[in-house]
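> Structure below; questions to follow.
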Amino acid sequence: MAKRDYYEVLGVDKGASKDDIKKAYRKLAVKYHPDRNPGDKEAEDKFKEATEAYEILSDDQKRPIYDQYGFAGLDGMSGAGAGGGYSHAFHDFSDLFGGMGGGFGDIFENLFGGGGGHRRSATDPSEGASLRYDLDISFKDAVYGTKVDISFQHAETCSACHGSGGASGSKRKTCPTCNGMGQVRRSAGFFAVQQTCPKCGGKGTIIDKPCSTCHGSGVEQKSKRMTLNIPAGVDDGKRIVIPRQGDAGANGGPAGDLIVLIHVNPHEYYERDGQDLYCAIPVTFVQAALGEKLTITALDGKKIDFELPAGTTNGKLFRIKGEGVPITGSTRKGDLYVKVVVQTPQHMSAKQKELLEEFAKLDNATTSPLCIPLSSLR
């Protein structure tokens, strides 16, 4: 399977700062860590993929090489590629997960040493996971903006137990797996690794009667519909963040965000470059030679009068100011560029041929074997 672009893996733009990269990786690592997804091969692969991406993009030497040459530029570099280790990423795990409750920070601090700072308990409030929603919109809607109804599933606080995870009248008792410690120890070669208890999730207690609705998790999956405003001028790959519409947080923590990734469908006649629009119009040889007043239909259906000068050559590009893409948050717009394509008649009547031959004689047209400067064709 072909490797995905590292920026795509982490869901960040190419110009993302180190902090943005670290935050994006932190969320993915928490979501797909093997300790949170035991036996889930897909989650493990995503964790490794995200860690590899973070190792490269957080490295001041490797990131510029990757930006310029892609994966090929990283071949042979220490720690790069799918077979490389995660040494660089592990050095930053105490920073990434030091504030997390249980598991992740504990494991890597025990393996590689840690800062010894305050570690939050598994009973402390924590933010829920952010969700991604891929939205396809038309080229026209991207340029002029639109409203779209979307529906998605996310985890909400359980309506039956209000997030406690227990049925009515239930009590908490000491976890028999960790004896109330919230952590268990296991051997890993020469290391004794301490990790979050899989039975109680690090809380040290379990519920004797779990809630029948959420089965003790404190959250339930629910569908939600909402109307999303797409601003005028949005471009392909744009991320729209809707705060607190992701999964519910644990222990009363805030919900994550809903991140909408925009995918703009191509248009049959128009192309876009930043805030400018480009299109091509066909004209006849006679129109190009004599000039003519033309009417162009803009992307929004508006009619634009356009004066074609006499003697226009094939491929000539004309600019119509202020008829391009709206600049988000502004009243200004980009420009519309019109390319003229002179069409040569494929089928002519005898009269048309006669007139063209007469024109050639009057023009003293000859075929010259000499080249002409390329600059004259631009």
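Residue numbering restarts at 1 for every chain of the structure tokens, chains are lettered A, B, ... in their displayed order, and ligands are numbered from 1 as they appear.
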Excluding Ala298 (chain A) and its own-chain neighbours fewer than 6 positions away, which residues fall within 10 Å of it when counting only C-alpha atoms? Please give them as a VMD selection string.
chain A and resid 270 277 279 304 323 to 324 336
> Based on the selection just made, write all heavy atoms of those residues as a PDB file, in the first residue's frame.

ATOM      1  N   TYR A 270     -14.414  26.011 -15.726  1.00  0.00           N
ATOM      2  CA  TYR A 270     -13.618  26.966 -14.957  1.00  0.00           C
ATOM      3  C   TYR A 270     -12.545  26.253 -14.131  1.00  0.00           C
ATOM      4  O   TYR A 270     -12.738  25.127 -13.671  1.00  0.00           O
ATOM      5  CB  TYR A 270     -14.512  27.782 -14.014  1.00  0.00           C
ATOM      6  CG  TYR A 270     -15.252  28.910 -14.696  1.00  0.00           C
ATOM      7  CD1 TYR A 270     -16.494  28.685 -15.290  1.00  0.00           C
ATOM      8  CD2 TYR A 270     -14.721  30.190 -14.742  1.00  0.00           C
ATOM      9  CE1 TYR A 270     -17.183  29.708 -15.923  1.00  0.00           C
ATOM     10  CE2 TYR A 270     -15.401  31.227 -15.367  1.00  0.00           C
ATOM     11  CZ  TYR A 270     -16.625  30.984 -15.958  1.00  0.00           C
ATOM     12  OH  TYR A 270     -17.301  32.002 -16.586  1.00  0.00           O
ATOM     13  N   LEU A 277     -10.035  33.258 -11.243  1.00  0.00           N
ATOM     14  CA  LEU A 277     -10.706  32.241 -12.048  1.00  0.00           C
ATOM     15  C   LEU A 277     -10.169  32.274 -13.471  1.00  0.00           C
ATOM     16  O   LEU A 277      -9.787  33.336 -13.980  1.00  0.00           O
ATOM     17  CB  LEU A 277     -12.225  32.480 -12.067  1.00  0.00           C
ATOM     18  CG  LEU A 277     -12.982  32.221 -10.765  1.00  0.00           C
ATOM     19  CD1 LEU A 277     -14.452  32.632 -10.927  1.00  0.00           C
ATOM     20  CD2 LEU A 277     -12.889  30.755 -10.368  1.00  0.00           C
ATOM     21  N   CYS A 279     -10.952  30.728 -17.538  1.00  0.00           N
ATOM     22  CA  CYS A 279     -11.811  30.012 -18.476  1.00  0.00           C
ATOM     23  C   CYS A 279     -11.290  30.263 -19.889  1.00  0.00           C
ATOM     24  O   CYS A 279     -10.435  31.126 -20.112  1.00  0.00           O
ATOM     25  CB  CYS A 279     -13.276  30.435 -18.348  1.00  0.00           C
ATOM     26  SG  CYS A 279     -13.629  32.114 -18.933  1.00  0.00           S
ATOM     27  N   ILE A 304     -21.355  38.998 -18.909  1.00  0.00           N
ATOM     28  CA  ILE A 304     -20.277  39.996 -18.897  1.00  0.00           C
ATOM     29  C   ILE A 304     -19.932  40.357 -20.338  1.00  0.00           C
ATOM     30  O   ILE A 304     -19.605  39.469 -21.139  1.00  0.00           O
ATOM     31  CB  ILE A 304     -19.022  39.448 -18.182  1.00  0.00           C
ATOM     32  CG1 ILE A 304     -19.340  39.050 -16.739  1.00  0.00           C
ATOM     33  CG2 ILE A 304     -17.894  40.472 -18.214  1.00  0.00           C
ATOM     34  CD1 ILE A 304     -18.178  38.392 -16.020  1.00  0.00           C
ATOM     35  N   GLU A 323     -13.958  39.908 -11.081  1.00  0.00           N
ATOM     36  CA  GLU A 323     -14.946  38.883 -11.411  1.00  0.00           C
ATOM     37  C   GLU A 323     -14.439  37.490 -11.011  1.00  0.00           C
ATOM     38  O   GLU A 323     -14.884  36.479 -11.533  1.00  0.00           O
ATOM     39  CB  GLU A 323     -15.264  38.898 -12.906  1.00  0.00           C
ATOM     40  CG  GLU A 323     -15.963  40.150 -13.376  1.00  0.00           C
ATOM     41  CD  GLU A 323     -17.346  40.322 -12.765  1.00  0.00           C
ATOM     42  OE1 GLU A 323     -17.907  39.326 -12.255  1.00  0.00           O
ATOM     43  OE2 GLU A 323     -17.876  41.452 -12.803  1.00  0.00           O
ATOM     44  N   GLY A 324     -13.494  37.457 -10.050  1.00  0.00           N
ATOM     45  CA  GLY A 324     -12.948  36.183  -9.604  1.00  0.00           C
ATOM     46  C   GLY A 324     -13.590  35.699  -8.319  1.00  0.00           C
ATOM     47  O   GLY A 324     -14.767  35.938  -8.048  1.00  0.00           O
ATOM     48  N   LEU A 336     -10.948  37.538 -13.183  1.00  0.00           N
ATOM     49  CA  LEU A 336     -11.288  36.480 -14.134  1.00  0.00           C
ATOM     50  C   LEU A 336     -10.365  36.606 -15.337  1.00  0.00           C
ATOM     51  O   LEU A 336     -10.262  37.674 -15.937  1.00  0.00           O
ATOM     52  CB  LEU A 336     -12.747  36.604 -14.576  1.00  0.00           C
ATOM     53  CG  LEU A 336     -13.198  35.713 -15.738  1.00  0.00           C
ATOM     54  CD1 LEU A 336     -13.080  34.238 -15.368  1.00  0.00           C
ATOM     55  CD2 LEU A 336     -14.628  36.045 -16.152  1.00  0.00           C
TER      56      LEU A 336
END
> Restricting the calculation to only C-alpha atoms, which member of A:Lys302, A:Lys14, A:Lys316, A:Arg186 is positioned closest to Val342 (chain A)?
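Looking only at the distances to Val342 (chain A), the closest residue turns out to be A:Lys316.
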> So, with only C-alpha atoms as the atoms that count, which of A:Gln195, A:Thr51, A:Asn251, A:Ser159 lies closest to Ser126 (chain A)?
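Checking each candidate against Ser126 (chain A), we get A:Asn251 as the closest.
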> Residues at most 8 Å from region 133-142 of chain A, counting only C-alpha atoms, excluding those fewer than 6 positions away in the same chain, as JSON, numbers by chain?
{"A": [152, 230, 231, 232, 233, 234, 235, 258, 259, 260, 261, 262, 263, 264, 265, 266, 267, 299, 300]}
> Set the distance at 9 Å and use only C-alpha atoms: which residues neighbour Gly128 (chain A) once local chain neighbours fewer than 5 positions away are removed? I'd like the list as JSON, numbers by chain.
{"A": [155, 244, 246, 247, 248, 249, 250, 253, 254, 255, 256, 257]}
> Which residues, written as number ranges by chain, have at least one atom at most 6 Å from Ala280 (chain A), with only C-alpha atoms counted and residues fewer than 2 positions away on the same chain left out?
A: 338-340
> Can you list, as an NGL selection string, every protein, DNA or RNA residue that comes within 10 Å of Lys46 (chain A) when you count only C-alpha atoms, leaving out same-chain residues fewer than 2 positions away?
:A and (9 or 28-29 or 31-34 or 41-44 or 48-52)
> Next, the residues of the selection above should be written as an mmCIF file, in the first residue's frame with N, CA and C atoms.

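Dumped everything to again-v1.cif:
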data_model
loop_
_atom_site.group_PDB
_atom_site.id
_atom_site.type_symbol
_atom_site.label_atom_id
_atom_site.label_comp_id
_atom_site.auth_asym_id
_atom_site.auth_seq_id
_atom_site.Cartn_x
_atom_site.Cartn_y
_atom_site.Cartn_z
ATOM 1 N N VAL A 9 -1.606 12.560 7.037
ATOM 2 C CA VAL A 9 -1.733 11.625 8.153
ATOM 3 C C VAL A 9 -2.102 12.373 9.436
ATOM 4 N N LEU A 28 -4.099 11.944 17.848
ATOM 5 C CA LEU A 28 -4.093 10.661 17.139
ATOM 6 C C LEU A 28 -3.483 9.563 17.991
ATOM 7 N N ALA A 29 -2.406 9.887 18.697
ATOM 8 C CA ALA A 29 -1.742 8.892 19.518
ATOM 9 C C ALA A 29 -2.644 8.417 20.650
ATOM 10 N N LYS A 31 -5.900 8.422 20.561
ATOM 11 C CA LYS A 31 -7.020 7.686 19.978
ATOM 12 C C LYS A 31 -6.627 6.280 19.534
ATOM 13 N N TYR A 32 -5.421 6.127 18.961
ATOM 14 C CA TYR A 32 -5.057 4.844 18.347
ATOM 15 C C TYR A 32 -4.005 4.055 19.118
ATOM 16 N N HIS A 33 -3.622 4.520 20.307
ATOM 17 C CA HIS A 33 -2.573 3.809 21.040
ATOM 18 C C HIS A 33 -2.986 2.359 21.295
ATOM 19 N N PRO A 34 -2.064 1.404 21.115
ATOM 20 C CA PRO A 34 -2.386 -0.028 21.306
ATOM 21 C C PRO A 34 -2.959 -0.354 22.672
ATOM 22 N N LYS A 41 -5.563 -4.340 15.044
ATOM 23 C CA LYS A 41 -4.429 -4.170 14.134
ATOM 24 C C LYS A 41 -4.515 -2.846 13.375
ATOM 25 N N GLU A 42 -5.721 -2.436 12.973
ATOM 26 C CA GLU A 42 -5.884 -1.190 12.228
ATOM 27 C C GLU A 42 -5.475 0.009 13.083
ATOM 28 N N ALA A 43 -5.878 0.006 14.355
ATOM 29 C CA ALA A 43 -5.508 1.097 15.260
ATOM 30 C C ALA A 43 -3.996 1.121 15.475
ATOM 31 N N GLU A 44 -3.404 -0.055 15.599
ATOM 32 C CA GLU A 44 -1.951 -0.126 15.774
ATOM 33 C C GLU A 44 -1.220 0.456 14.570
ATOM 34 N N LYS A 48 1.284 3.742 14.450
ATOM 35 C CA LYS A 48 2.634 3.724 13.897
ATOM 36 C C LYS A 48 2.781 4.761 12.774
ATOM 37 N N GLU A 49 1.741 4.869 11.940
ATOM 38 C CA GLU A 49 1.779 5.827 10.827
ATOM 39 C C GLU A 49 1.862 7.260 11.354
ATOM 40 N N ALA A 50 1.055 7.568 12.385
ATOM 41 C CA ALA A 50 1.058 8.907 12.958
ATOM 42 C C ALA A 50 2.392 9.208 13.647
ATOM 43 N N THR A 51 2.955 8.212 14.336
ATOM 44 C CA THR A 51 4.232 8.401 15.020
ATOM 45 C C THR A 51 5.359 8.651 14.027
ATOM 46 N N GLU A 52 5.337 7.907 12.918
ATOM 47 C CA GLU A 52 6.346 8.107 11.876
ATOM 48 C C GLU A 52 6.232 9.517 11.289
#
> What does the distance from CA of Asp67 (chain A) to CA of Gly274 (chain A) come to in Å, to one decimal?
20.7 Å
> Out of region 155-352 of chain A, which residues get strand (DSSP E) from DSSP, as number ranges by chain?
A: 155-157, 172-174, 183-188, 191-196, 205-207, 219-230, 239-242, 258-264, 271-273, 276-284, 292-297, 303-308, 317-320, 336-343
> Leaving out Ile296 (chain A) and any residue of its chain fewer than 4 positions from it, which residues lie within 7 Å of it when counting only C-alpha atoms, given as a list in words?
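Contacts, with the query itself left out: Lys303, Ile304, Asp305 and Phe306 of chain A.
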> Let me make sure I understand: among A:Lys222, A:Lys62, A:Arg26, A:Arg272, which one has the smallest atom-to-atom distance to Val143 (chain A) if we use only C-alpha atoms?
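Among the listed residues, the smallest separation from Val143 (chain A) belongs to A:Arg272.
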> Which of these residues is nearest to Pro345 (chain A), using only C-alpha atoms: A:Gln275, A:Thr284, A:Ser130, A:Thr205?
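Among A:Gln275, A:Thr284, A:Ser130, A:Thr205, it is A:Thr284 that comes nearest to Pro345 (chain A).
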